[in-house]
>>> print(open('target_0.cif').read())   # mmCIF, C-alpha atoms and all ligand atoms
data_data
loop_
_atom_site.label_atom_id
_atom_site.label_comp_id
_atom_site.auth_asym_id
_atom_site.auth_seq_id
_atom_site.Cartn_x
_atom_site.Cartn_y
_atom_site.Cartn_z
CA MET A 245 116.11 57.42 90.99
CA SER A 246 119.24 59.28 91.94
CA TRP A 247 120.16 60.77 95.32
CA GLU A 248 120.10 64.11 93.55
CA GLU A 249 116.30 63.97 93.47
CA ASN A 250 116.39 64.34 97.26
CA VAL A 251 118.59 67.37 97.27
CA ARG A 252 117.24 70.70 98.50
CA ARG A 253 118.27 72.87 95.61
CA VAL A 254 118.69 76.59 96.11
CA GLU A 255 120.18 79.44 94.22
CA PRO A 256 122.33 81.02 96.93
CA TYR A 257 122.54 84.66 97.88
CA VAL A 258 125.49 86.42 96.24
CA ALA A 259 127.29 88.76 98.62
CA GLY A 260 129.45 91.68 97.48
CA GLU A 261 133.01 90.78 96.59
CA GLN A 262 135.62 90.69 99.38
CA PRO A 263 138.78 91.42 97.39
CA LYS A 264 141.90 89.52 98.42
CA ILE A 265 144.25 92.30 97.36
CA GLN A 266 145.35 95.14 99.68
CA ASP A 267 144.91 98.87 99.13
CA VAL A 268 141.46 98.82 97.60
CA ILE A 269 138.87 101.47 98.32
CA LYS A 270 136.08 99.17 99.38
CA LEU A 271 132.69 100.79 98.87
CA ASN A 272 130.76 97.66 97.86
CA THR A 273 129.27 96.05 100.99
CA ASN A 274 128.09 98.97 103.14
CA GLU A 275 130.65 98.29 105.84
CA CYS A 276 131.66 101.11 108.17
CA PRO A 277 134.94 102.78 107.16
CA TYR A 278 135.84 103.43 110.81
CA PRO A 279 136.94 100.87 113.39
CA PRO A 280 134.51 99.74 116.12
CA SER A 281 134.49 101.35 119.57
CA PRO A 282 137.95 101.31 121.21
CA LYS A 283 136.19 99.74 124.24
CA MET A 284 136.34 96.50 122.26
CA LYS A 285 140.07 96.29 122.80
CA GLU A 286 139.66 96.60 126.57
CA VAL A 287 137.08 93.82 126.57
CA LEU A 288 139.40 91.50 124.67
CA GLU A 289 142.40 92.35 126.85
CA LYS A 290 140.48 91.78 130.07
CA MET A 291 138.76 88.65 128.86
CA ASP A 292 139.26 85.48 130.86
CA TYR A 293 140.38 83.07 128.15
CA GLY A 294 139.58 80.17 130.47
CA LYS A 295 135.92 80.93 129.82
CA LEU A 296 136.27 79.61 126.28
CA ARG A 297 136.36 76.12 127.81
CA LEU A 298 132.67 76.48 128.49
CA TYR A 299 129.74 76.82 126.10
CA PRO A 300 128.57 80.40 125.70
CA ASP A 301 125.45 81.71 127.43
CA MET A 302 122.80 80.62 124.96
CA ASP A 303 120.54 83.47 126.07
CA ALA A 304 123.37 85.99 125.53
CA LYS A 305 121.94 87.71 128.60
CA LYS A 306 124.65 90.34 128.91
CA LEU A 307 124.02 91.62 125.39
CA VAL A 308 120.24 91.23 125.58
CA ASP A 309 120.06 93.23 128.84
CA VAL A 310 122.17 96.07 127.45
CA LEU A 311 120.06 96.24 124.28
CA ALA A 312 116.81 96.15 126.29
CA ASP A 313 118.04 99.03 128.41
CA TYR A 314 119.22 101.06 125.38
CA TYR A 315 115.95 100.67 123.47
CA HIS A 316 113.68 100.96 126.58
CA VAL A 317 112.13 97.52 126.20
CA LYS A 318 112.10 94.38 128.35
CA PRO A 319 114.81 91.71 127.90
CA GLU A 320 111.94 89.34 127.01
CA GLN A 321 111.29 91.53 123.95
CA VAL A 322 114.83 91.10 122.56
CA PHE A 323 116.28 88.31 120.41
CA VAL A 324 119.94 88.23 119.29
CA GLY A 325 121.70 86.31 116.55
CA VAL A 326 124.74 85.95 114.34
CA GLY A 327 124.21 89.06 112.24
CA SER A 328 120.78 90.18 111.14
CA ASP A 329 120.95 87.59 108.35
CA ASP A 330 120.71 84.91 111.04
CA VAL A 331 117.90 86.77 112.83
CA LEU A 332 115.97 87.31 109.59
CA ALA A 333 116.40 83.68 108.49
CA MET A 334 115.04 82.53 111.89
CA ALA A 335 112.14 84.98 111.60
CA PHE A 336 111.25 83.74 108.09
CA MET A 337 111.31 80.15 109.38
CA THR A 338 109.21 81.00 112.44
CA PHE A 339 106.60 83.45 111.21
CA PHE A 340 106.13 82.75 107.50
CA ASN A 341 104.81 79.27 107.87
CA GLY A 342 101.39 79.49 106.17
CA ASP A 343 100.05 78.93 102.66
CA ARG A 344 99.47 82.58 101.80
CA GLN A 345 102.10 84.57 99.93
CA ILE A 346 104.43 86.82 101.86
CA LEU A 347 105.08 90.26 100.38
CA PHE A 348 108.23 92.32 99.85
CA PRO A 349 109.39 94.92 97.30
CA ASP A 350 110.74 93.92 93.87
CA ILE A 351 113.86 95.98 94.43
CA THR A 352 115.09 95.16 97.91
CA TYR A 353 117.55 93.10 99.94
CA SER A 354 118.25 90.16 97.66
CA PHE A 355 118.39 87.64 100.50
CA TYR A 356 114.58 87.70 100.99
CA ASP A 357 113.72 85.63 97.93
CA VAL A 358 116.59 83.25 98.71
CA TRP A 359 115.18 82.51 102.20
CA ALA A 360 111.66 82.23 100.78
CA GLN A 361 112.91 79.60 98.32
CA LEU A 362 115.04 77.81 100.94
CA PHE A 363 112.12 77.53 103.38
CA ARG A 364 109.54 76.98 100.60
CA ILE A 365 107.57 80.06 101.52
CA PRO A 366 105.23 81.32 98.76
CA TYR A 367 105.97 84.96 97.98
CA LYS A 368 104.98 87.86 95.79
CA VAL A 369 107.12 90.89 95.01
CA CYS A 370 105.46 94.32 94.89
CA ALA A 371 106.93 96.73 92.33
CA LEU A 372 108.35 100.03 93.60
CA ASP A 373 107.04 103.09 91.79
CA GLY A 374 109.08 105.03 89.19
CA ASP A 375 110.88 106.97 91.94
CA PHE A 376 111.82 103.72 93.71
CA CYS A 377 109.27 104.35 96.48
CA ILE A 378 107.24 101.60 98.13
CA LYS A 379 103.53 101.70 97.23
CA LYS A 380 101.77 101.32 100.55
CA GLU A 381 98.53 100.01 99.06
CA ASP A 382 100.38 96.87 97.82
CA TYR A 383 100.72 95.84 101.46
CA LEU A 384 97.09 96.41 102.37
CA THR A 385 95.98 93.20 100.63
CA PRO A 386 95.69 89.69 102.14
CA ASN A 387 99.11 88.10 102.74
CA GLY A 388 101.04 85.56 104.81
CA GLY A 389 103.57 88.08 106.13
CA ILE A 390 105.48 91.20 105.12
CA VAL A 391 109.16 92.12 105.14
CA ILE A 392 110.38 95.59 104.22
CA PRO A 393 113.73 97.27 104.90
CA ASN A 394 113.63 100.86 106.14
CA PRO A 395 115.49 102.61 104.60
CA ASN A 396 115.05 100.23 101.67
CA ALA A 397 118.18 98.67 100.21
CA PRO A 398 119.73 99.22 97.72
CA THR A 399 117.67 102.37 97.04
CA GLY A 400 118.29 104.12 100.38
CA VAL A 401 114.72 105.48 100.37
CA LEU A 402 113.32 106.03 103.88
CA GLU A 403 109.67 105.96 104.92
CA ASP A 404 108.36 107.43 108.15
CA VAL A 405 106.94 105.58 111.14
CA ASP A 406 103.31 106.47 110.22
CA PHE A 407 103.75 104.75 106.86
CA PHE A 408 104.70 101.53 108.64
CA GLU A 409 102.08 101.91 111.35
CA GLU A 410 99.37 101.91 108.69
CA ILE A 411 100.74 98.68 107.17
CA ILE A 412 101.17 97.00 110.58
CA ALA A 413 97.70 98.03 111.78
CA ALA A 414 96.08 96.81 108.55
CA ASN A 415 97.66 93.34 108.90
CA PRO A 416 96.82 92.05 112.39
CA ASP A 417 96.82 88.47 111.08
CA SER A 418 100.37 88.46 109.75
CA VAL A 419 103.79 89.29 111.09
CA VAL A 420 105.34 92.44 109.64
CA ILE A 421 109.15 92.51 109.73
CA VAL A 422 110.79 95.93 109.42
CA ASP A 423 114.47 95.40 108.56
CA GLU A 424 116.19 98.48 109.98
CA ALA A 425 119.77 97.57 108.99
CA TYR A 426 120.41 101.20 107.97
CA VAL A 427 118.00 103.15 110.19
CA ASP A 428 120.73 104.77 112.33
CA PHE A 429 121.93 106.91 109.42
CA GLY A 430 118.95 109.26 109.48
CA GLY A 431 115.77 107.26 109.99
CA VAL A 432 113.38 106.91 112.90
CA SER A 433 112.96 103.40 114.26
CA THR A 434 109.59 101.65 114.51
CA ILE A 435 110.71 100.00 117.80
CA PRO A 436 108.29 102.06 119.98
CA LEU A 437 105.37 100.54 118.01
CA ILE A 438 106.05 97.07 119.45
CA CYS A 439 104.10 98.07 122.58
CA LYS A 440 101.03 98.73 120.44
CA TYR A 441 101.24 95.91 117.87
CA ASP A 442 102.03 92.29 118.68
CA ASN A 443 102.60 91.50 114.98
CA LEU A 444 105.64 93.80 114.52
CA LEU A 445 109.21 92.49 114.53
CA VAL A 446 111.97 95.10 114.14
CA VAL A 447 115.38 93.77 113.05
CA GLN A 448 118.66 95.67 113.35
CA THR A 449 122.37 94.94 112.98
CA PHE A 450 125.77 95.87 114.44
CA SER A 451 127.34 95.48 110.96
CA LYS A 452 126.85 99.02 109.66
CA SER A 453 126.41 101.81 112.22
CA ARG A 454 128.35 99.97 114.95
CA ALA A 455 131.21 99.01 112.60
CA MET A 456 131.14 95.34 113.58
CA ALA A 457 130.34 93.36 110.42
CA GLY A 458 133.16 90.95 111.27
CA ALA A 459 131.76 90.18 114.73
CA ARG A 460 128.34 89.12 113.33
CA ILE A 461 125.70 90.55 115.67
CA GLY A 462 122.08 91.22 114.79
CA PHE A 463 118.96 91.53 116.92
CA ALA A 464 115.20 91.68 116.79
CA ILE A 465 112.80 93.54 119.04
CA GLY A 466 109.13 92.61 119.26
CA ASP A 467 106.27 91.53 121.48
CA GLU A 468 107.25 88.94 124.13
CA LYS A 469 105.11 86.28 122.47
CA LEU A 470 106.82 86.80 119.09
CA ILE A 471 110.25 86.58 120.73
CA ARG A 472 109.25 83.37 122.55
CA TYR A 473 108.24 81.74 119.26
CA LEU A 474 111.48 82.91 117.65
CA LYS A 475 113.53 81.41 120.50
CA ASP A 476 111.63 78.11 120.29
CA VAL A 477 112.70 77.75 116.65
CA LYS A 478 116.25 78.92 117.30
CA PHE A 479 116.73 76.48 120.19
CA SER A 480 115.37 73.69 118.00
CA TYR A 481 117.99 74.42 115.39
CA ASN A 482 121.28 75.57 116.94
CA SER A 483 121.38 76.87 120.51
CA TYR A 484 124.98 78.04 120.77
CA THR A 485 125.41 80.43 117.86
CA MET A 486 126.83 83.56 119.48
CA ASN A 487 130.25 83.11 121.05
CA THR A 488 131.39 84.41 124.44
CA PRO A 489 133.81 87.15 123.25
CA VAL A 490 131.27 88.53 120.80
CA ILE A 491 128.52 88.72 123.43
CA GLU A 492 130.86 90.81 125.62
CA MET A 493 132.05 92.96 122.74
CA GLY A 494 128.52 93.67 121.56
CA ALA A 495 127.48 94.83 125.04
CA ALA A 496 130.53 97.12 125.28
CA ALA A 497 129.75 98.63 121.86
CA VAL A 498 126.20 99.57 122.87
CA LEU A 499 127.43 101.14 126.12
CA ASP A 500 129.84 103.39 124.18
CA ASP A 501 127.06 105.55 122.79
CA ALA A 502 129.27 108.63 122.33
CA TYR A 503 131.55 106.78 119.90
CA PHE A 504 128.55 105.34 118.02
CA LYS A 505 127.05 108.81 117.56
CA GLU A 506 130.41 110.22 116.50
CA ILE A 507 131.01 107.74 113.66
CA VAL A 508 127.39 107.83 112.46
CA GLY A 509 127.60 111.65 112.39
CA LYS A 510 130.77 111.52 110.31
CA ILE A 511 129.25 109.10 107.80
CA VAL A 512 126.10 111.22 107.41
CA LYS A 513 128.24 114.32 106.81
CA THR A 514 130.35 112.53 104.20
CA ARG A 515 127.18 111.17 102.55
CA GLU A 516 125.72 114.64 102.14
CA TRP A 517 129.02 115.93 100.69
CA THR A 518 129.15 112.98 98.26
CA LYS A 519 125.57 113.70 97.13
CA GLU A 520 126.54 117.25 96.16
CA GLN A 521 129.59 116.07 94.25
CA LEU A 522 127.79 113.30 92.37
CA LYS A 523 124.96 115.68 91.47
CA ARG A 524 127.53 118.08 90.06
CA LEU A 525 128.94 115.25 87.91
CA GLY A 526 125.53 114.48 86.41
CA PHE A 527 124.46 111.52 88.54
CA SER A 528 120.88 111.18 89.67
CA PHE A 529 119.63 109.29 92.72
CA ALA A 530 116.85 109.04 95.25
CA ASP A 531 117.62 110.89 98.48
CA SER A 532 119.33 108.11 100.45
CA LYS A 533 119.14 108.09 104.25
CA ALA A 534 121.43 105.06 104.49
CA ASN A 535 125.23 104.67 104.41
CA PHE A 536 125.17 104.25 100.64
CA LEU A 537 123.93 106.02 97.50
CA PHE A 538 122.16 104.30 94.60
CA VAL A 539 123.11 106.31 91.55
CA SER A 540 122.77 106.35 87.81
CA HIS A 541 124.31 108.61 85.17
CA LYS A 542 122.43 110.01 82.21
CA LYS A 543 125.31 109.46 79.76
CA ALA A 544 127.70 106.82 81.13
CA SER A 545 126.65 103.19 81.63
CA ALA A 546 126.73 101.90 85.20
CA LYS A 547 128.44 98.67 84.17
CA ASP A 548 131.22 100.56 82.36
CA ILE A 549 131.76 102.86 85.37
CA PHE A 550 131.75 99.83 87.69
CA LEU A 551 134.46 98.08 85.62
CA ALA A 552 136.56 101.23 85.27
CA LEU A 553 136.41 101.83 89.03
CA LYS A 554 137.33 98.22 89.75
CA ALA A 555 140.30 98.39 87.38
CA ASN A 556 141.45 101.29 89.56
CA ASN A 557 140.92 99.39 92.81
CA ILE A 558 137.72 101.18 93.77
CA TYR A 559 135.01 98.60 94.47
CA VAL A 560 131.32 99.52 94.30
CA ARG A 561 128.29 97.27 93.72
CA HIS A 562 126.49 96.65 90.43
CA TRP A 563 123.69 94.16 89.68
CA ASP A 564 122.83 92.85 86.21
CA LYS A 565 119.16 92.83 87.18
CA LYS A 566 115.93 94.14 85.70
CA ARG A 567 115.19 97.82 86.51
CA ILE A 568 118.52 98.42 88.28
CA SER A 569 121.18 97.38 85.75
CA ASN A 570 122.06 101.02 85.08
CA TYR A 571 122.60 101.81 88.78
CA LEU A 572 125.56 101.60 91.11
CA ARG A 573 125.38 101.27 94.86
CA ILE A 574 128.21 103.20 96.46
CA SER A 575 128.86 102.75 100.18
CA ILE A 576 129.97 105.84 102.09
CA GLY A 577 133.63 105.61 103.09
CA THR A 578 135.93 108.13 104.77
CA ASP A 579 136.22 111.68 103.37
CA GLU A 580 139.52 110.73 101.78
CA GLN A 581 138.07 107.65 100.07
CA MET A 582 135.10 109.60 98.72
CA GLU A 583 137.38 112.37 97.48
CA LYS A 584 139.37 109.76 95.53
CA LEU A 585 136.16 108.30 94.10
CA VAL A 586 134.88 111.73 93.02
CA SER A 587 138.21 112.69 91.51
CA PHE A 588 138.32 109.43 89.51
CA LEU A 589 134.76 109.96 88.26
CA GLU A 590 135.54 113.54 87.32
CA ASP A 591 138.36 112.35 85.03
CA TYR A 592 136.40 109.36 83.73
CA LEU A 593 133.38 111.44 82.70
CA LYS A 594 135.40 114.11 80.86
N1 LIG B 601 119.32 93.60 105.85
C1 LIG B 601 119.75 94.39 104.87
C2 LIG B 601 118.77 95.29 104.21
C3 LIG B 601 121.09 94.39 104.49
O1 LIG B 601 121.52 95.17 103.48
C4 LIG B 601 122.00 93.55 105.16
C5 LIG B 601 123.47 93.55 104.79
N2 LIG B 601 123.81 92.74 103.73
C6 LIG B 601 121.50 92.71 106.16
C7 LIG B 601 120.16 92.77 106.49
C8 LIG B 601 122.36 91.70 106.87
O2 LIG B 601 123.41 92.25 107.57
P1 LIG B 601 124.16 91.44 108.73
O3 LIG B 601 123.86 89.98 108.55
O4 LIG B 601 125.59 91.76 108.54
O5 LIG B 601 123.60 91.96 110.01
#
>>> encode(input="target_0.cif", output="structure tokens")
Amino acid sequence: MSWEENVRRVEPYVAGEQPKIQDVIKLNTNECPYPPSPKMKEVLEKMDYGKLRLYPDMDAKKLVDVLADYYHVKPEQVFVGVGSDDVLAMAFMTFFNGDRQILFPDITYSFYDVWAQLFRIPYKVCALDGDFCIKKEDYLTPNGGIVIPNPNAPTGVLEDVDFFEEIIAANPDSVVIVDEAYVDFGGVSTIPLICKYDNLLVVQTFSKSRAMAGARIGFAIGDEKLIRYLKDVKFSYNSYTMNTPVIEMGAAAVLDDAYFKEIVGKIVKTREWTKEQLKRLGFSFADSKANFLFVSHKKASAKDIFLALKANNIYVRHWDKKRISNYLRISIGTDEQMEKLVSFLEDYLK
């Protein structure tokens, strides 16, 4: 008997590379190419540093209240955490605690199967169809819970609210998590459905559309009872996760709605321009409504393009995985960055 027999063994999630060198065009982790709201600077300048002596507000009330107001829900229907990864991990631990398999797509956010393994949750993946669309009927069968991103990642494919309502209504005995990390780039949120369904948990993040990946803020909105259960687990694990400056900065970001709309609008415009250019160069892709495109080329191999781009300091994401090994996920950067990408690809494909 060795101590190693008692080890919880997991195959960890592999995040996109964070290059240590300067001057790269970084289109590999769906970050926002613009800085966060300038209001952030004011918050930091005005902050009373003496406050750091004290533990943060474990209810993060300031941020929760602002989010509740923004999304027209009650503060009791809001849960916040250290990025949506933290919120999702807590939700998996809280709601997927039965013997039945949870369901999620085969091509999706690659953290889901990692959490399922970590928390020993039985799971089944449901294959997307040939156009990378979710087959709704797969989620109308008995299950122990459901988690689906909308738009899906890394495909960028968006489904409408009715599509989700049918799944949520058909599964009153399990919690359905809709991961809306990318919904602000052209989707419609399922948040209003929380008043009708107590089994819906909607998860969003400040990492993409609010340009705050480095601050680590995510949140969930759901029925009060769901949120209470989520808090019970969180406060049994680590109460003080969100720090005082970040709580203040998050609230200021939500209040600066004009800036949020401005940067999201710019990204959507650049995305649509990039689609036209990549189509012209012979790439094909599903019509992404996220801040990235998931593309493949009929002649050039994705892996070769990935390596050639990297050698030229342009980072995109490639997975050596079944069904998607000939695809690249390209985050939308500034106009200038996307022009450089397109111009490189133009030369490369000649
Ligand atoms: N959900 C999806 C679908 C994502 O792509 C990501 C980003 N990797 C996350 C959740 C987590 O983002 P964060 O923890 O930065 O909020």
>>> atom_distance(input="target_0.cif", atom1="atom CA of Phe408 of chain A", atom2="atom CA of Met456 of chain A")
27.6 Å
>>> residues_around(input="target_0.cif", residues="segment 528-536 of chain A", least_positions_apart="2", cutoff="7 Å", atoms="only C-alpha atoms", output="VMD selection string")
chain A and resid 274 395 399 to 402 426 to 427 429 to 431 511 523 526 538 to 541 573 to 576
>>> residues_around(input="target_0.cif", residues="Thr578 of chain A", least_positions_apart="6", cutoff="9 Å", atoms="all atoms listed in the file", output="short mmCIF file (atom, residue, chain, number, x, y, z; two decimals) with C-alpha atoms, in the frame of the given file")
data_model
loop_
_atom_site.label_atom_id
_atom_site.label_comp_id
_atom_site.auth_asym_id
_atom_site.auth_seq_id
_atom_site.Cartn_x
_atom_site.Cartn_y
_atom_site.Cartn_z
CA CYS A 276 131.66 101.11 108.17
CA PRO A 277 134.94 102.78 107.16
CA TYR A 278 135.84 103.43 110.81
CA LYS A 510 130.77 111.52 110.31
CA ILE A 511 129.25 109.10 107.80
CA THR A 514 130.35 112.53 104.20
#
>>> residues_near_ligand(input="target_0.cif", ligand="ligand LIG 601 (chain B)", cutoff="7 Å", atoms="all atoms listed in the file", output="list in words")
Thr273, Gly327, Ser328, Asp329, Asp330, Tyr353, Pro393, Asn396, Ala397, Asp423, Ala425, Thr449, Phe450, Ser451, Ala457, Arg460, Ile461 and Gly462 of chain A
>>> closest_residue(input="target_0.cif", among="A:Leu553, A:Ser587, A:Asn487, A:Arg567", to="Leu298 of chain A", atoms="all atoms listed in the file")
A:Asn487
>>> closest_residue(input="target_0.cif", among="A:Leu537, A:Ala304, A:Val331, A:Ile378", to="Arg515 of chain A", atoms="only C-alpha atoms")
A:Leu537
>>> residues_around(input="target_0.cif", residues="segment 253-256 of chain A", least_positions_apart="4", cutoff="10 Å", atoms="only C-alpha atoms", output="list in words")
Glu248, Glu249, Phe355, Asp357, Val358, Trp359, Gln361, Leu362 and Phe363 of chain A
>>> atom_distance(input="target_0.cif", atom1="atom CA of His562 of chain A", atom2="atom CA of Val420 of chain A")
28.9 Å
>>> closest_residue(input="target_0.cif", among="A:Asp579, A:Ala259, A:Glu381, A:Pro366", to="Glu516 of chain A", atoms="all atoms listed in the file")
A:Asp579
>>> residues_around(input="target_0.cif", residues="segment 385-392 of chain A", least_positions_apart="3", cutoff="10 Å", atoms="only C-alpha atoms", output="VMD selection string")
chain A and resid 332 336 339 to 349 352 to 353 356 365 to 368 378 380 to 382 395 to 397 408 411 to 412 414 to 415 417 to 424 443 to 446
>>> closest_residue(input="target_0.cif", among="A:Arg561, A:Arg472, A:Lys295, A:Lys478", to="Ala546 of chain A", atoms="all atoms listed in the file")
A:Arg561
>>> decode(input="target_0.cif", residues="segment 424-471 of chain A", atoms="C-alpha atoms", output="mmCIF file, in the first residue's frame")
data_model
loop_
_atom_site.group_PDB
_atom_site.id
_atom_site.type_symbol
_atom_site.label_atom_id
_atom_site.label_comp_id
_atom_site.auth_asym_id
_atom_site.auth_seq_id
_atom_site.Cartn_x
_atom_site.Cartn_y
_atom_site.Cartn_z
ATOM 1 C CA GLU A 424 -23.621 32.233 -21.204
ATOM 2 C CA ALA A 425 -19.926 33.212 -21.208
ATOM 3 C CA TYR A 426 -20.302 34.636 -24.736
ATOM 4 C CA VAL A 427 -23.979 35.644 -24.863
ATOM 5 C CA ASP A 428 -23.299 39.406 -24.953
ATOM 6 C CA PHE A 429 -21.822 39.195 -28.458
ATOM 7 C CA GLY A 430 -25.160 38.637 -30.187
ATOM 8 C CA GLY A 431 -27.228 36.185 -28.174
ATOM 9 C CA VAL A 432 -30.340 36.565 -26.055
ATOM 10 C CA SER A 433 -29.982 35.546 -22.425
ATOM 11 C CA THR A 434 -32.191 32.932 -20.759
ATOM 12 C CA ILE A 435 -32.115 34.980 -17.497
ATOM 13 C CA PRO A 436 -35.824 36.010 -17.736
ATOM 14 C CA LEU A 437 -36.767 32.294 -17.615
ATOM 15 C CA ILE A 438 -35.564 31.980 -14.003
ATOM 16 C CA CYS A 439 -38.908 33.400 -12.841
ATOM 17 C CA LYS A 440 -40.714 30.529 -14.548
ATOM 18 C CA TYR A 441 -38.352 27.610 -13.865
ATOM 19 C CA ASP A 442 -36.715 26.867 -10.521
ATOM 20 C CA ASN A 443 -34.320 24.369 -12.146
ATOM 21 C CA LEU A 444 -32.494 26.910 -14.364
ATOM 22 C CA LEU A 445 -29.103 28.356 -13.447
ATOM 23 C CA VAL A 446 -27.643 30.935 -15.852
ATOM 24 C CA VAL A 447 -23.890 31.550 -15.576
ATOM 25 C CA GLN A 448 -22.047 34.548 -17.024
ATOM 26 C CA THR A 449 -18.585 36.096 -16.794
ATOM 27 C CA PHE A 450 -16.803 39.466 -16.773
ATOM 28 C CA SER A 451 -13.843 37.888 -18.621
ATOM 29 C CA LYS A 452 -14.978 38.431 -22.202
ATOM 30 C CA SER A 453 -17.511 41.202 -22.867
ATOM 31 C CA ARG A 454 -16.455 43.249 -19.816
ATOM 32 C CA ALA A 455 -12.727 42.888 -20.571
ATOM 33 C CA MET A 456 -11.848 41.749 -17.058
ATOM 34 C CA ALA A 457 -10.362 38.247 -17.370
ATOM 35 C CA GLY A 458 -7.544 39.288 -15.037
ATOM 36 C CA ALA A 459 -9.932 40.398 -12.280
ATOM 37 C CA ARG A 460 -11.711 36.993 -12.161
ATOM 38 C CA ILE A 461 -15.431 37.701 -11.789
ATOM 39 C CA GLY A 462 -18.245 35.351 -12.727
ATOM 40 C CA PHE A 463 -21.846 35.110 -11.573
ATOM 41 C CA ALA A 464 -24.913 32.926 -11.644
ATOM 42 C CA ILE A 465 -28.561 33.917 -11.681
ATOM 43 C CA GLY A 466 -31.306 31.499 -10.680
ATOM 44 C CA ASP A 467 -34.214 30.804 -8.374
ATOM 45 C CA GLU A 468 -33.627 31.889 -4.749
ATOM 46 C CA LYS A 469 -33.643 28.288 -3.557
ATOM 47 C CA LEU A 470 -30.946 27.286 -6.077
ATOM 48 C CA ILE A 471 -28.799 30.248 -5.030
#
